[in-house]
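Here the structure comes first, spelled out in structure tokens, and everything after it is commentary.
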Amino acid sequence: MENQCVVQLEADSVACTKIQSPHKDRSSSSRLTWTLLTITLCLAAAAAAVLLVSRHVQQEEADHGQDPEGLHRALRQISENVRAAIHLEGEYNPELETSAEWIKQADQYHSQGDLKLNNNEIVIPKNGLYFVYSQASFRVNCSSEADSTSNPMVHLSNTVQRWSSSYGDDDVPKSYQPILHSVRTVCQKKSTSEQDEEGSWFSAVYMGAAFNLKQGDRLKTVIEKNLLPDLDDEPGKTFFGVFAL
């Protein structure tokens, strides 16, 4: 044989190198046959390289999200792994007699994982363990214009109630039940002729705990009607939220 072909197969190129054969006394017909065989082998190697590169490009396209089915599958996995959470800022609304109004447009508001605010209540999207928290801040005045001998204490309270289809039997109307409740005594009423800054108190009632909640459960806050006008609705002082554990 006069020539030998060594084929190097790589992802981006094909090399065919001729090696001199020690047999130089073969006939011209033999040399022609071997040349044709060499060319055939080189073409076959080139075709294999092209196929390999094509598969490599297809794999890269799939990895970069150009495969629609793969992209949709990845998005579903991401959405399933997002941890549900919602945080709401509260403000005083005279039309509400039992609760602050929870606002979605506040700067600190966020919601993800299908936790929604509906009719001033947080709706649980699916069964699971959730951390529920709430804080109500108040500005109260501990002075009294009239003389008072009883010196009543000023109490602040905040409550989170839960409505759930798991409460009671199907024949019994479902009702809200408290799951968080906190009371704080802040001051004692004192008689004074002038209500000055010394009679003003600022206090917050915070509470939070983990609960096993069901899909469709609803959570709301309850504040005593006489305390609502004293609600401090500056940013970051009164809030209500839930996040999945």
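Residues are referred to by chain and number: the chain letter is A, B, ... according to the order shown in the structure tokens, the number counts from 1 in that chain, and ligands are numbered separately from 1 in the order shown.
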Original post:
Could you pull the residues within 6 Å of stretch 120-123 of chain A, counting only C-alpha atoms, minus those fewer than 5 positions along the same chain, as a list in words?
Top reply: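 Listed by chain and then number, they are Asp217, Arg218, Leu219 and Lys220 of chain A.
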Original post:
How many Å separate atom CA of A:Trp34 from atom CA of A:Ala47?
Top reply: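 Computing it gives 20.0 Å between the two atoms.
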Original post:
Nearest to A:Phe131: which of A:Val160, A:Ala210, A:Val222, A:Met153 is it, counting only C-alpha atoms?
Top reply: A:Ala210
Original post:
For A:Val186, which of A:His110, A:Arg139, A:Lys225, A:Lys174 is the closest residue, counting only C-alpha atoms?
Top reply: A:Arg139
Original post:
Hey, can you check how far atom CA of A:Phe211 sits from atom CA of A:Val183?
Top reply: 20.3 Å
**OP:** Could you give me, as a PyMOL selection string, each residue of stretch 109-139 of chain A that DSSP assigns to strand (DSSP E) when run on this structure's backbone?
**Re:** chain A and resi 110-112+116-118+121-123+128-139
Subject >> Gap from atom CA of A:Tyr130 to atom CA of A:Leu231 - Å, one decimal >> reply: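 Computing it gives 26.5 Å between the two atoms.
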**OP:** Quick one: everything within 10 Å of A:Gly90, counting only C-alpha atoms, minus sequence neighbours fewer than 4 positions away in the same chain. Send it as a count of residues only.
**Re:** 21
